[in-house]
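Shown next: protein-v8.pdb, given as PDB, N, CA and C atoms.
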```pdb
ATOM      1  N   MET F  16     -23.291  -8.427   7.577
ATOM      2  CA  MET F  16     -22.253  -9.423   7.371
ATOM      3  C   MET F  16     -21.632  -9.791   8.717
ATOM      4  N   THR F  17     -21.222 -11.008   8.790
ATOM      5  CA  THR F  17     -20.567 -11.421  10.015
ATOM      6  C   THR F  17     -19.147 -10.905  10.019
ATOM      7  N   GLU F  18     -18.579 -10.814  11.194
ATOM      8  CA  GLU F  18     -17.213 -10.305  11.348
ATOM      9  C   GLU F  18     -16.212 -11.173  10.597
ATOM     10  N   THR F  19     -16.405 -12.476  10.637
ATOM     11  CA  THR F  19     -15.496 -13.386   9.943
ATOM     12  C   THR F  19     -15.505 -13.129   8.440
ATOM     13  N   LEU F  20     -16.662 -12.912   7.874
ATOM     14  CA  LEU F  20     -16.778 -12.639   6.450
ATOM     15  C   LEU F  20     -16.081 -11.325   6.095
ATOM     16  N   VAL F  21     -16.264 -10.310   6.908
ATOM     17  CA  VAL F  21     -15.626  -9.012   6.670
ATOM     18  C   VAL F  21     -14.111  -9.153   6.705
ATOM     19  N   VAL F  22     -13.599  -9.875   7.687
ATOM     20  CA  VAL F  22     -12.156 -10.092   7.796
ATOM     21  C   VAL F  22     -11.649 -10.829   6.566
ATOM     22  N   ARG F  23     -12.353 -11.828   6.122
ATOM     23  CA  ARG F  23     -11.946 -12.579   4.921
ATOM     24  C   ARG F  23     -11.968 -11.702   3.678
ATOM     25  N   LEU F  24     -12.984 -10.862   3.551
ATOM     26  CA  LEU F  24     -13.058  -9.972   2.391
ATOM     27  C   LEU F  24     -11.895  -8.983   2.378
ATOM     28  N   PHE F  25     -11.549  -8.434   3.530
ATOM     29  CA  PHE F  25     -10.400  -7.532   3.609
ATOM     30  C   PHE F  25      -9.117  -8.274   3.264
ATOM     31  N   SER F  26      -9.000  -9.492   3.712
ATOM     32  CA  SER F  26      -7.818 -10.301   3.413
ATOM     33  C   SER F  26      -7.719 -10.589   1.918
ATOM     34  N   ILE F  27      -8.836 -10.916   1.304
ATOM     35  CA  ILE F  27      -8.859 -11.175  -0.137
ATOM     36  C   ILE F  27      -8.502  -9.902  -0.900
ATOM     37  N   ALA F  28      -9.050  -8.787  -0.483
ATOM     38  CA  ALA F  28      -8.760  -7.514  -1.155
ATOM     39  C   ALA F  28      -7.274  -7.174  -1.050
ATOM     40  N   ARG F  29      -6.680  -7.366   0.119
ATOM     41  CA  ARG F  29      -5.248  -7.094   0.305
ATOM     42  C   ARG F  29      -4.416  -8.017  -0.584
ATOM     43  N   THR F  30      -4.803  -9.280  -0.656
ATOM     44  CA  THR F  30      -4.080 -10.233  -1.501
ATOM     45  C   THR F  30      -4.181  -9.842  -2.968
ATOM     46  N   MET F  31      -5.362  -9.447  -3.411
ATOM     47  CA  MET F  31      -5.540  -9.045  -4.804
ATOM     48  C   MET F  31      -4.720  -7.802  -5.133
ATOM     49  N   ARG F  32      -4.688  -6.841  -4.209
ATOM     50  CA  ARG F  32      -3.854  -5.656  -4.448
ATOM     51  C   ARG F  32      -2.397  -6.040  -4.564
ATOM     52  N   ALA F  33      -1.932  -6.965  -3.736
ATOM     53  CA  ALA F  33      -0.539  -7.416  -3.796
ATOM     54  C   ALA F  33      -0.248  -8.116  -5.116
ATOM     55  N   VAL F  34      -1.166  -8.956  -5.563
ATOM     56  CA  VAL F  34      -0.986  -9.671  -6.834
ATOM     57  C   VAL F  34      -0.924  -8.682  -7.996
ATOM     58  N   LEU F  35      -1.759  -7.668  -7.957
ATOM     59  CA  LEU F  35      -1.797  -6.682  -9.026
ATOM     60  C   LEU F  35      -0.682  -5.647  -8.922
ATOM     61  N   GLY F  36       0.019  -5.642  -7.797
ATOM     62  CA  GLY F  36       1.100  -4.685  -7.603
ATOM     63  C   GLY F  36       0.638  -3.335  -7.108
ATOM     64  N   ALA F  37      -0.581  -3.259  -6.617
ATOM     65  CA  ALA F  37      -1.099  -2.002  -6.096
ATOM     66  C   ALA F  37      -0.495  -1.736  -4.717
ATOM     67  N   PRO F  38      -0.099  -0.511  -4.465
ATOM     68  CA  PRO F  38       0.508  -0.194  -3.170
ATOM     69  C   PRO F  38      -0.496  -0.301  -2.025
ATOM     70  N   ASP F  39      -0.018  -0.677  -0.862
ATOM     71  CA  ASP F  39      -0.872  -0.850   0.317
ATOM     72  C   ASP F  39      -0.623   0.306   1.288
ATOM     73  N   TYR F  40      -1.454   1.338   1.189
ATOM     74  CA  TYR F  40      -1.277   2.546   1.980
ATOM     75  C   TYR F  40      -1.395   2.277   3.479
ATOM     76  N   GLU F  41      -2.354   1.459   3.876
ATOM     77  CA  GLU F  41      -2.541   1.194   5.298
ATOM     78  C   GLU F  41      -1.299   0.536   5.907
ATOM     79  N   ARG F  42      -0.705  -0.393   5.178
ATOM     80  CA  ARG F  42       0.507  -1.053   5.664
ATOM     81  C   ARG F  42       1.653  -0.050   5.772
ATOM     82  N   TYR F  43       1.756   0.859   4.794
ATOM     83  CA  TYR F  43       2.780   1.902   4.816
ATOM     84  C   TYR F  43       2.618   2.799   6.045
ATOM     85  N   VAL F  44       1.394   3.260   6.308
ATOM     86  CA  VAL F  44       1.136   4.140   7.452
ATOM     87  C   VAL F  44       1.519   3.434   8.754
ATOM     88  N   GLU F  45       1.137   2.179   8.893
ATOM     89  CA  GLU F  45       1.472   1.425  10.105
ATOM     90  C   GLU F  45       2.995   1.310  10.251
ATOM     91  N   HIS F  46       3.685   1.041   9.157
ATOM     92  CA  HIS F  46       5.150   0.939   9.202
ATOM     93  C   HIS F  46       5.779   2.258   9.663
ATOM     94  N   VAL F  47       5.310   3.374   9.087
ATOM     95  CA  VAL F  47       5.875   4.680   9.452
ATOM     96  C   VAL F  47       5.630   4.970  10.925
ATOM     97  N   ARG F  48       4.465   4.672  11.412
ATOM     98  CA  ARG F  48       4.159   4.962  12.826
ATOM     99  C   ARG F  48       4.973   4.108  13.787
ATOM    100  N   VAL F  49       5.256   2.865  13.401
ATOM    101  CA  VAL F  49       6.019   1.966  14.271
ATOM    102  C   VAL F  49       7.521   2.203  14.133
ATOM    103  N   ALA F  50       8.004   2.235  12.904
ATOM    104  CA  ALA F  50       9.449   2.290  12.668
ATOM    105  C   ALA F  50      10.010   3.709  12.650
ATOM    106  N   HIS F  51       9.202   4.694  12.325
ATOM    107  CA  HIS F  51       9.661   6.079  12.200
ATOM    108  C   HIS F  51       8.667   7.029  12.873
ATOM    109  N   PRO F  52       8.479   6.914  14.172
ATOM    110  CA  PRO F  52       7.436   7.714  14.839
ATOM    111  C   PRO F  52       7.658   9.225  14.746
ATOM    112  N   GLU F  53       8.879   9.642  14.459
ATOM    113  CA  GLU F  53       9.158  11.074  14.354
ATOM    114  C   GLU F  53       8.746  11.641  12.994
ATOM    115  N   CYS F  54       8.421  10.779  12.039
ATOM    116  CA  CYS F  54       8.059  11.201  10.677
ATOM    117  C   CYS F  54       6.546  11.222  10.484
ATOM    118  N   GLU F  55       6.123  12.131   9.636
ATOM    119  CA  GLU F  55       4.714  12.217   9.253
ATOM    120  C   GLU F  55       4.507  11.378   7.994
ATOM    121  N   PRO F  56       3.559  10.453   7.979
ATOM    122  CA  PRO F  56       3.324   9.667   6.759
ATOM    123  C   PRO F  56       2.849  10.555   5.615
ATOM    124  N   MET F  57       3.161  10.143   4.393
ATOM    125  CA  MET F  57       2.672  10.856   3.208
ATOM    126  C   MET F  57       1.160  10.710   3.137
ATOM    127  N   SER F  58       0.531  11.630   2.424
ATOM    128  CA  SER F  58      -0.899  11.475   2.175
ATOM    129  C   SER F  58      -1.089  10.296   1.224
ATOM    130  N   ARG F  59      -2.313   9.804   1.123
ATOM    131  CA  ARG F  59      -2.584   8.678   0.218
ATOM    132  C   ARG F  59      -2.202   9.030  -1.226
ATOM    133  N   ASP F  60      -2.549  10.241  -1.670
ATOM    134  CA  ASP F  60      -2.205  10.652  -3.038
ATOM    135  C   ASP F  60      -0.690  10.706  -3.244
ATOM    136  N   GLN F  61       0.029  11.281  -2.274
ATOM    137  CA  GLN F  61       1.486  11.336  -2.375
ATOM    138  C   GLN F  61       2.079   9.931  -2.410
ATOM    139  N   PHE F  62       1.554   9.054  -1.571
ATOM    140  CA  PHE F  62       2.046   7.683  -1.504
ATOM    141  C   PHE F  62       1.866   6.958  -2.838
ATOM    142  N   VAL F  63       0.683   7.050  -3.415
ATOM    143  CA  VAL F  63       0.413   6.363  -4.678
ATOM    144  C   VAL F  63       1.305   6.936  -5.776
ATOM    145  N   ARG F  64       1.432   8.257  -5.835
ATOM    146  CA  ARG F  64       2.289   8.883  -6.838
ATOM    147  C   ARG F  64       3.738   8.428  -6.674
ATOM    148  N   ASP F  65       4.220   8.389  -5.439
ATOM    149  CA  ASP F  65       5.592   7.957  -5.161
ATOM    150  C   ASP F  65       5.816   6.506  -5.578
ATOM    151  N   ARG F  66       4.864   5.628  -5.226
ATOM    152  CA  ARG F  66       5.004   4.216  -5.597
ATOM    153  C   ARG F  66       4.991   4.029  -7.111
ATOM    154  N   MET F  67       4.097   4.736  -7.803
ATOM    155  CA  MET F  67       4.028   4.596  -9.255
ATOM    156  C   MET F  67       5.274   5.172  -9.924
ATOM    157  N   ASP F  68       5.754   6.320  -9.442
ATOM    158  CA  ASP F  68       6.991   6.890  -9.983
ATOM    159  C   ASP F  68       8.141   5.925  -9.780
ATOM    160  N   ASN F  69       8.230   5.350  -8.597
ATOM    161  CA  ASN F  69       9.306   4.418  -8.294
ATOM    162  C   ASN F  69       9.210   3.179  -9.175
ATOM    163  N   ARG F  70       8.025   2.705  -9.383
ATOM    164  CA  ARG F  70       7.828   1.478 -10.154
ATOM    165  C   ARG F  70       8.170   1.652 -11.628
ATOM    166  N   TYR F  71       7.792   2.787 -12.209
ATOM    167  CA  TYR F  71       7.931   2.974 -13.646
ATOM    168  C   TYR F  71       9.109   3.850 -14.057
ATOM    169  N   SER F  72       9.895   4.345 -13.125
ATOM    170  CA  SER F  72      11.001   5.221 -13.487
ATOM    171  C   SER F  72      12.316   4.472 -13.663
ATOM    172  N   ARG F  73      12.359   3.194 -13.365
ATOM    173  CA  ARG F  73      13.600   2.424 -13.472
ATOM    174  C   ARG F  73      13.639   1.654 -14.787
ATOM    175  N   PRO F  74      14.533   2.032 -15.693
ATOM    176  CA  PRO F  74      14.650   1.277 -16.941
ATOM    177  C   PRO F  74      15.046  -0.180 -16.649
ATOM    178  N   GLY F  75      14.479  -1.076 -17.394
ATOM    179  CA  GLY F  75      14.802  -2.479 -17.225
ATOM    180  C   GLY F  75      14.040  -3.172 -16.118
ATOM    181  N   SER F  76      13.156  -2.445 -15.431
ATOM    182  CA  SER F  76      12.407  -3.064 -14.330
ATOM    183  C   SER F  76      11.163  -3.796 -14.817
ATOM    184  N   ARG F  77      10.860  -3.682 -16.113
ATOM    185  CA  ARG F  77       9.737  -4.413 -16.669
ATOM    186  C   ARG F  77      10.131  -4.966 -18.031
ATOM    187  N   CYS F  78       9.388  -5.892 -18.492
ATOM    188  CA  CYS F  78       9.762  -6.587 -19.726
ATOM    189  C   CYS F  78       9.336  -5.873 -20.989
ATOM    190  N   CYS F  79       8.349  -5.000 -20.919
ATOM    191  CA  CYS F  79       7.812  -4.402 -22.144
ATOM    192  C   CYS F  79       7.968  -2.894 -22.156
TER     193      CYS F  79
END
```

For the file at hand, write its structure as structure tokens.
Amino acid sequence: MTETLVVRLFSIARTMRAVLGAPDYERYVEHVRVAHPECEPMSRDQFVRDRMDNRYSRPGSRCC
């Protein structure tokens, strides 16, 4: 595959994850390294668990 195609596929995948509400671990890791260099980022499993707990633990945050 050409580099342009690979970049587009990654962009499409990131957009689809955002539309579906899936957490973006790579973006989180980059944020922690830039904004909080003294902190260790969570593992991918910890991150996903934290995002899902946060998303579904708030009453009234969803319609159904």

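Shortest atom-to-atom contact with F:Glu41 among F:Arg23, F:Arg59, F:Met67, F:Glu53: F:Arg59, counting only C-alpha atoms.
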
- Taking the file as shown, find all residues satisfying the PyMOL selection byres (((chain F and resi 38 and name CA) around 7) and name CA) and write them as a count of residues only. 6

- Message: DSSP on the backbone, helix (DSSP H, G or I) only: what residues of chain F does that give? Format it as a PyMOL selection string.
- Response: chain F and resi 18-35+40-50+59-71

- Can you work out the spacing between atom C of F:His51 and atom CA of F:Arg64 in Å, to one decimal?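 Separation of atom C of F:His51 and atom CA of F:Arg64: 20.8 Å.
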
- Task: Determine the nearest neighbour of F:Tyr43 from the options F:Pro74, F:Met31, F:Asp68, F:Phe62, counting only C-alpha atoms.
- Result: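 Smallest separation from F:Tyr43 among the options: F:Phe62.
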
Fewer than 2 positions away in the same chain doesn't count, so skip those; otherwise give me all residues within 7 Å of F:Pro56, counting only C-alpha atoms, as an mmCIF file with N, CA and C atoms, in the frame of the given file.
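Output below, filename result_31.cif:
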```
data_model
loop_
_atom_site.group_PDB
_atom_site.id
_atom_site.type_symbol
_atom_site.label_atom_id
_atom_site.label_comp_id
_atom_site.auth_asym_id
_atom_site.auth_seq_id
_atom_site.Cartn_x
_atom_site.Cartn_y
_atom_site.Cartn_z
ATOM 1 N N VAL F 44 1.394 3.260 6.308
ATOM 2 C CA VAL F 44 1.136 4.140 7.452
ATOM 3 C C VAL F 44 1.519 3.434 8.754
ATOM 4 N N VAL F 47 5.310 3.374 9.087
ATOM 5 C CA VAL F 47 5.875 4.680 9.452
ATOM 6 C C VAL F 47 5.630 4.970 10.925
ATOM 7 N N CYS F 54 8.421 10.779 12.039
ATOM 8 C CA CYS F 54 8.059 11.201 10.677
ATOM 9 C C CYS F 54 6.546 11.222 10.484
ATOM 10 N N SER F 58 0.531 11.630 2.424
ATOM 11 C CA SER F 58 -0.899 11.475 2.175
ATOM 12 C C SER F 58 -1.089 10.296 1.224
#
```

- Task: To one decimal in Å, tell me the separation between atom CA of F:Glu18 and atom CA of F:His46.
- Result: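 If I compute the distance from atom CA of F:Glu18 to atom CA of F:His46, I get 25.1 Å.
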
Report as AutoDock Vina command-line options the centre and the edge lengths, in Å to one decimal, of the axis-aligned box holding every listed atom of stretch 47-61 of chain F, padded by 4 Å on each side.
```
--center_x 3.7 --center_y 7.1 --center_z 5.8 --size_x 20.6 --size_y 18.3 --size_z 26.1
```

- Item | Interatomic distance, atom CA of F:Glu55 to atom CA of F:Arg42 (Å, one decimal) | 14.4 Å
